[in-house]
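K.L.:
Below you'll find entry_34.cif; it's mmCIF, C-alpha atoms.
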```cif
data_entry
loop_
_atom_site.label_atom_id
_atom_site.label_comp_id
_atom_site.auth_asym_id
_atom_site.auth_seq_id
_atom_site.Cartn_x
_atom_site.Cartn_y
_atom_site.Cartn_z
CA GLU A 1 0.00 0.00 0.00
CA VAL A 2 1.34 3.39 -1.02
CA GLN A 3 1.77 5.71 1.94
CA LEU A 4 2.98 9.29 2.07
CA VAL A 5 3.36 10.85 5.51
CA GLU A 6 4.24 14.52 5.86
CA SER A 7 5.77 16.14 8.91
CA GLY A 8 7.47 19.35 9.99
CA GLY A 9 4.61 21.81 9.85
CA GLY A 10 3.76 24.40 12.46
CA LEU A 11 3.59 28.08 13.29
CA VAL A 12 6.40 30.25 11.97
CA GLN A 13 6.96 33.99 11.83
CA PRO A 14 7.05 35.88 8.53
CA GLY A 15 10.52 35.92 7.03
CA ARG A 16 11.61 32.76 8.81
CA SER A 17 12.25 29.28 7.42
CA LEU A 18 10.70 25.85 7.78
CA LYS A 19 11.49 22.44 6.33
CA LEU A 20 8.83 19.87 5.55
CA SER A 21 9.46 16.16 5.16
CA CYS A 22 7.51 13.38 3.50
CA ALA A 23 8.21 9.72 4.25
CA ALA A 24 7.20 7.38 1.44
CA SER A 25 6.53 3.66 1.57
CA GLY A 26 4.79 0.94 -0.37
CA PHE A 27 6.45 1.68 -3.73
CA THR A 28 9.90 2.11 -5.27
CA PHE A 29 10.44 5.75 -4.37
CA SER A 30 13.38 6.29 -6.72
CA ASN A 31 11.23 5.42 -9.75
CA TYR A 32 8.84 8.31 -9.32
CA TYR A 33 8.82 12.06 -9.62
CA MET A 34 7.50 13.66 -6.45
CA ALA A 35 5.75 16.94 -5.79
CA TRP A 36 4.35 19.31 -3.22
CA VAL A 37 0.88 20.81 -3.59
CA ARG A 38 -0.64 23.25 -1.11
CA GLN A 39 -4.10 24.42 -0.15
CA ALA A 40 -4.72 27.66 1.70
CA PRO A 41 -7.57 27.54 4.25
CA LYS A 42 -10.93 27.25 2.47
CA LYS A 43 -9.19 27.68 -0.89
CA GLY A 44 -8.27 25.56 -3.89
CA LEU A 45 -5.18 23.57 -4.76
CA GLU A 46 -1.88 25.11 -5.86
CA TRP A 47 1.12 23.25 -7.26
CA VAL A 48 4.30 24.20 -5.38
CA ALA A 49 7.19 22.08 -6.66
CA THR A 50 8.19 18.90 -8.49
CA ILE A 51 11.43 16.94 -8.47
CA SER A 52 12.71 14.31 -10.89
CA THR A 53 13.55 10.76 -9.93
CA SER A 54 17.24 11.45 -9.40
CA GLY A 55 16.72 14.92 -7.99
CA SER A 56 18.67 16.54 -10.81
CA ARG A 57 15.69 18.49 -12.13
CA THR A 58 13.34 20.67 -10.12
CA TYR A 59 10.36 22.75 -11.15
CA TYR A 60 8.55 25.61 -9.39
CA PRO A 61 5.84 28.17 -10.10
CA ASP A 62 6.84 31.82 -9.90
CA SER A 63 5.04 32.23 -6.57
CA VAL A 64 7.70 30.22 -4.70
CA LYS A 65 10.68 30.20 -7.07
CA GLY A 66 13.80 31.41 -5.28
CA ARG A 67 12.27 30.90 -1.84
CA PHE A 68 11.36 27.19 -1.77
CA THR A 69 13.66 24.25 -2.54
CA ILE A 70 12.46 20.71 -3.14
CA SER A 71 14.87 17.83 -2.57
CA ARG A 72 14.86 14.11 -2.03
CA ASP A 73 16.87 11.30 -0.47
CA ASN A 74 16.17 8.11 -2.39
CA ALA A 75 18.09 6.00 0.11
CA LYS A 76 15.67 7.12 2.80
CA SER A 77 12.57 7.26 0.55
CA SER A 78 12.06 10.80 1.69
CA LEU A 79 11.01 14.06 0.09
CA TYR A 80 11.68 17.51 1.49
CA LEU A 81 10.57 21.09 1.03
CA GLN A 82 12.80 23.85 2.39
CA MET A 83 10.77 27.02 2.69
CA ASN A 84 12.62 30.31 3.22
CA SER A 85 11.46 33.92 3.52
CA LEU A 86 7.99 32.74 4.41
CA LYS A 87 5.04 35.05 3.86
CA SER A 88 1.54 35.07 5.31
CA GLU A 89 0.24 33.91 1.92
CA ASP A 90 2.24 30.70 2.30
CA THR A 91 -0.15 29.66 5.07
CA ALA A 92 -1.66 26.40 3.85
CA THR A 93 -1.88 22.66 4.19
CA TYR A 94 1.03 21.16 2.26
CA TYR A 95 0.54 17.81 0.55
CA CYS A 96 3.23 15.47 -0.67
CA ALA A 97 2.12 13.79 -3.90
CA ARG A 98 3.43 11.17 -6.30
CA ALA A 99 3.81 11.76 -10.02
CA THR A 100 5.42 9.96 -12.97
CA VAL A 101 6.85 12.90 -14.88
CA ALA A 102 7.03 16.66 -14.39
CA THR A 103 3.86 17.30 -16.36
CA CYS A 104 1.27 14.81 -15.27
CA TYR A 105 -1.30 13.95 -12.64
CA PHE A 106 -0.80 13.11 -8.97
CA ASP A 107 -1.92 9.59 -8.23
CA TYR A 108 -1.25 9.40 -4.49
CA TRP A 109 -1.38 12.12 -1.85
CA GLY A 110 -0.30 12.33 1.75
CA GLN A 111 -2.63 13.46 4.52
CA GLY A 112 -1.11 16.94 4.53
CA VAL A 113 0.69 19.10 7.06
CA MET A 114 -0.38 22.57 8.16
CA VAL A 115 1.96 25.54 7.92
CA THR A 116 0.88 28.81 9.50
CA VAL A 117 2.91 31.95 8.85
CA SER A 118 2.01 34.59 11.39
CA SER A 119 3.61 36.93 13.87
CA ASP B 1 -0.21 30.25 -17.37
CA ILE B 2 -3.18 28.09 -18.31
CA VAL B 3 -6.32 29.08 -16.43
CA LEU B 4 -8.95 26.43 -15.71
CA THR B 5 -12.48 27.64 -15.11
CA GLN B 6 -14.82 25.23 -13.39
CA SER B 7 -18.58 25.57 -13.44
CA PRO B 8 -20.82 25.71 -11.64
CA ALA B 9 -19.13 26.69 -8.39
CA THR B 10 -21.81 24.79 -6.47
CA LEU B 11 -24.19 22.12 -7.70
CA SER B 12 -27.13 21.01 -5.56
CA VAL B 13 -28.51 17.61 -6.45
CA THR B 14 -30.60 14.81 -5.05
CA PRO B 15 -29.00 11.38 -4.60
CA GLY B 16 -29.75 9.26 -7.64
CA GLU B 17 -29.50 12.15 -10.11
CA SER B 18 -26.82 12.17 -12.77
CA VAL B 19 -24.63 15.27 -13.07
CA SER B 20 -22.02 16.88 -15.30
CA LEU B 21 -19.25 19.17 -14.04
CA SER B 22 -17.47 21.46 -16.45
CA CYS B 23 -13.83 22.53 -16.72
CA ARG B 24 -12.76 24.98 -19.42
CA ALA B 25 -9.13 25.74 -20.26
CA SER B 26 -7.88 29.15 -21.37
CA GLN B 27 -6.08 27.52 -24.32
CA GLY B 28 -6.10 24.15 -26.03
CA ILE B 29 -4.56 21.44 -23.88
CA SER B 30 -5.36 18.28 -25.87
CA THR B 31 -6.52 15.75 -23.27
CA SER B 32 -4.08 16.78 -20.52
CA ILE B 33 -6.74 17.21 -17.86
CA HIS B 34 -7.20 15.24 -14.67
CA TRP B 35 -10.00 15.16 -12.11
CA TYR B 36 -9.81 14.88 -8.33
CA GLN B 37 -12.34 14.47 -5.56
CA GLN B 38 -11.72 16.05 -2.17
CA LYS B 39 -14.00 15.21 0.72
CA SER B 40 -14.12 17.49 3.72
CA ASN B 41 -10.88 17.37 5.75
CA GLU B 42 -9.36 14.76 3.46
CA SER B 43 -6.65 14.72 0.81
CA PRO B 44 -7.57 14.88 -2.88
CA ARG B 45 -8.14 11.57 -4.66
CA LEU B 46 -7.47 11.03 -8.35
CA LEU B 47 -10.66 10.07 -10.23
CA ILE B 48 -9.87 10.40 -13.93
CA LYS B 49 -6.61 10.95 -15.82
CA TYR B 50 -6.05 12.35 -19.31
CA ALA B 51 -9.65 13.46 -19.70
CA SER B 52 -11.27 10.04 -19.92
CA GLN B 53 -8.96 7.34 -18.61
CA SER B 54 -10.30 5.45 -15.63
CA ILE B 55 -8.40 4.88 -12.40
CA SER B 56 -8.25 1.55 -10.62
CA GLY B 57 -10.52 1.45 -7.59
CA ILE B 58 -12.69 4.37 -8.68
CA PRO B 59 -16.40 3.50 -9.12
CA SER B 60 -17.55 3.17 -12.71
CA ARG B 61 -20.21 5.85 -12.23
CA PHE B 62 -17.41 8.42 -12.65
CA SER B 63 -16.43 9.19 -16.23
CA GLY B 64 -14.69 11.97 -18.10
CA SER B 65 -14.79 13.41 -21.58
CA GLY B 66 -13.54 16.28 -23.69
CA SER B 67 -10.49 17.56 -25.50
CA GLY B 68 -9.01 20.88 -26.47
CA THR B 69 -10.54 23.44 -24.11
CA ASP B 70 -13.77 21.88 -22.82
CA PHE B 71 -13.91 18.98 -20.41
CA THR B 72 -16.62 17.25 -18.43
CA LEU B 73 -16.69 15.02 -15.39
CA SER B 74 -19.90 12.99 -15.26
CA ILE B 75 -21.31 11.15 -12.29
CA ASN B 76 -24.01 8.65 -13.11
CA ARG B 77 -26.54 8.40 -10.29
CA VAL B 78 -24.89 10.35 -7.51
CA GLU B 79 -24.50 8.52 -4.22
CA SER B 80 -24.29 10.06 -0.75
CA GLU B 81 -20.52 9.50 -0.57
CA ASP B 82 -20.04 11.63 -3.71
CA PHE B 83 -20.94 14.91 -2.05
CA SER B 84 -17.59 16.72 -1.98
CA VAL B 85 -15.49 19.17 -3.99
CA TYR B 86 -14.18 18.28 -7.44
CA TYR B 87 -11.09 19.83 -9.02
CA CYS B 88 -9.66 19.64 -12.50
CA GLN B 89 -5.91 19.99 -13.15
CA GLN B 90 -3.95 20.50 -16.35
CA SER B 91 -0.59 18.94 -17.14
CA TYR B 92 -0.19 20.34 -20.64
CA SER B 93 2.44 22.84 -19.52
CA LEU B 94 4.16 24.25 -16.48
CA PRO B 95 3.11 25.71 -14.18
CA LEU B 96 0.65 22.96 -13.39
CA THR B 97 -2.65 24.56 -12.53
CA PHE B 98 -5.92 23.57 -10.92
CA GLY B 99 -9.45 24.81 -11.35
CA SER B 100 -11.15 26.52 -8.44
CA GLY B 101 -13.41 23.54 -7.81
CA THR B 102 -17.06 22.57 -7.98
CA LYS B 103 -18.81 21.74 -4.73
CA LEU B 104 -21.40 19.00 -5.10
CA GLU B 105 -23.94 19.33 -2.31
CA ILE B 106 -27.14 17.62 -1.29
CA LYS B 107 -30.31 19.41 -2.35
#
```
Take the structure in the file and give it back as structure tokens.

P.N.:
Amino acid sequence: EVQLVESGGGLVQPGRSLKLSCAASGFTFSNYYMAWVRQAPKKGLEWVATISTSGSRTYYPDSVKGRFTISRDNAKSSLYLQMNSLKSEDTATYYCARATVATCYFDYWGQGVMVTVSS
Amino acid sequence: DIVLTQSPATLSVTPGESVSLSCRASQGISTSIHWYQQKSNESPRLLIKYASQSISGIPSRFSGSGSGTDFTLSINRVESEDFSVYYCQQSYSLPLTFGSGTKLEIK
């Protein structure tokens, strides 16, 4: 059974940093692209980042480019999201999701982790 | 960026009715559209990929159609467990984008 379990969320002040983690199990992690998708409270879904199987290629929308960094450790079947210079508009539930290529659907999602950016 | 417009924003139906949810893209995207269901306080679940391809484990009452700019998610005979929010997502080009969602509620 595919499982994605996020951790690392919490309350952080504007301008500070936070690192999210996602532990994957139930599939060969190194064979899949992985992504982060977020959802602000009572809002829709927003793609945040995608990383290739080896980690050599990363993709971001303009809203987080230069502030967020996605990475992975295939030996640990883990995905990460380093978030710097956080803003109030980054407040959201962050989901780890599995993909097959950079431009495709997300077939499995984690339960999500809440990040609140507030002073 | 490709904008996806979902309509209606809210759809009120009686269990047993059949419904169609719309997703319109701001430019042609072939069949690179995917549909998700999100129940309250849960993670999204993939329902349909590439406009019409079924997903293992998803009930057969869910189906998708369309190409180019206009896409439809159909639910044949809505059941009580189907009342949730539905999102479309495009993978034609980066940045990946989602529609704003259609909430299916009980009339």

K.L.:
What are the residues of chain A that have an atom within 6 Å of an atom of chain B, counting only C-alpha atoms, as JSON, numbers by chain?

P.N.:
{"A": [44, 61, 103, 104, 107, 111]}

K.L.:
Counting all atoms listed in the file, which residues sit no farther than 7 Å from the position (-15.5, 12.0, -1.0) in the file's frame? I'd like them as number ranges by chain.

P.N.:
B: 37-39, 81-84

K.L.:
Find, counting only C-alpha atoms, the residue in B:Ser67, B:Ser7, B:Ser54, B:Ser60 that gets nearest to Ser20 of chain B.

P.N.:
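The answer is B:Ser7, which sits nearest to Ser20 of chain B.
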
K.L.:
Give the answer as one residue: which of A:Asn84, A:Ser77, A:Thr116, A:Thr91 has the shortest atom-to-atom distance to Leu18 of chain A, using all atoms listed in the file?

P.N.:
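For Leu18 of chain A, the nearest of the given residues is A:Asn84.
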
K.L.:
For Ser30 of chain A, which residue among A:Ser56, A:Gln13, A:Arg72, A:Arg67 is the nearest when counting all atoms listed in the file?

P.N.:
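Closest to Ser30 of chain A, using all atoms listed in the file: A:Arg72.
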
K.L.:
For the PyMOL selection byres ((chain B and resi 69) around 7), applied here, can you spell out every residue it catches as number ranges by chain?

P.N.:
B: 24-29, 67-68, 70-71

K.L.:
Between A:Pro14, A:Gly8, A:Ala23, A:Leu86, which is the closest to Gly110 of chain A once you count all atoms listed in the file?

P.N.:
A:Ala23

K.L.:
Do you know which residues are at most 10 Å from Tyr59 of chain A counting only C-alpha atoms, after dropping those on the same chain fewer than 4 positions away, and could you put them as a ChimeraX atom specification?

P.N.:
/A:35,48-52,65,69-70,102-103 /B:94-96

K.L.:
Using the selection just defined, write its residues with C-alpha atoms as a tab-separated table (two decimals), keeping the file's coordinate frame.

P.N.:
```tsv
chain	number	residue	atom	x	y	z
A	35	ALA	CA	5.75	16.94	-5.79
A	48	VAL	CA	4.30	24.20	-5.38
A	49	ALA	CA	7.19	22.08	-6.66
A	50	THR	CA	8.19	18.90	-8.49
A	51	ILE	CA	11.43	16.94	-8.47
A	52	SER	CA	12.71	14.31	-10.89
A	65	LYS	CA	10.68	30.20	-7.07
A	69	THR	CA	13.66	24.25	-2.54
A	70	ILE	CA	12.46	20.71	-3.14
A	102	ALA	CA	7.03	16.66	-14.39
A	103	THR	CA	3.86	17.30	-16.36
B	94	LEU	CA	4.16	24.25	-16.48
B	95	PRO	CA	3.11	25.71	-14.18
B	96	LEU	CA	0.65	22.96	-13.39
```

K.L.:
Which value, in Å to one decimal, gives the distance between atom CA of Arg98 of chain A and atom CA of Arg16 of chain A?

P.N.:
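Answer for the atom CA of Arg98 of chain A to atom CA of Arg16 of chain A separation: 27.6 Å.
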
K.L.:
Starting from the shown file, work through the PyMOL selection byres ((chain A and resi 26) around 8) and note down what comes out as a list in words.

P.N.:
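When the PyMOL selection byres ((chain A and resi 26) around 8) is applied, the selected residues are Glu1, Val2, Gln3, Ala24, Ser25, Phe27 and Thr28 of chain A.
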
K.L.:
Using all atoms listed in the file, determine which residues lie at most 9 Å from Gly16 of chain B, disregarding the query and same-chain residues fewer than 2 positions distant; provide the list as a VMD selection string.

P.N.:
chain B and resid 13 to 14 18 76 to 80

K.L.:
Could you write those residues out with C-alpha atoms, as a short mmCIF file (atom, residue, chain, number, x, y, z; two decimals), in the frame of the given file?

P.N.:
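Writing done, so here's out_17.cif:
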```cif
data_model
loop_
_atom_site.label_atom_id
_atom_site.label_comp_id
_atom_site.auth_asym_id
_atom_site.auth_seq_id
_atom_site.Cartn_x
_atom_site.Cartn_y
_atom_site.Cartn_z
CA VAL B 13 -28.51 17.61 -6.45
CA THR B 14 -30.60 14.81 -5.05
CA SER B 18 -26.82 12.17 -12.77
CA ASN B 76 -24.01 8.65 -13.11
CA ARG B 77 -26.54 8.40 -10.29
CA VAL B 78 -24.89 10.35 -7.51
CA GLU B 79 -24.50 8.52 -4.22
CA SER B 80 -24.29 10.06 -0.75
#
```

K.L.:
As an exercise, work out the distance from atom CA of Gln39 of chain A to atom CA of Phe68 of chain A in Å and give it to one decimal place.

P.N.:
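Taking atom CA of Gln39 of chain A and atom CA of Phe68 of chain A, their separation equals 15.8 Å.
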
K.L.:
For a test of reading the model, state the distance in Å between atom CA of Ser71 of chain A and atom CA of Lys43 of chain A, rounded to one decimal.

P.N.:
26.1 Å

K.L.:
Smallest atom-to-atom distance to Ser7 of chain A: which of A:Leu20, A:Ala75, A:Ala40, A:Met34, using all atoms listed in the file?

P.N.:
A:Leu20

K.L.:
Quick check on the file I pasted: which residues fall under the PyMOL selection byres ((chain B and resi 72) around 9)? Write them as a PyMOL selection string.

P.N.:
chain B and resi 20-24+51+63-66+70-71+73-74

K.L.:
For Thr102 of chain B, find every residue with an atom within 6 Å (counting all atoms listed in the file), except residues of its own chain fewer than 6 positions away, and show them as a list in words.

P.N.:
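Listed by chain and then number, they are Ala9, Thr10, Val85 and Tyr86 of chain B.
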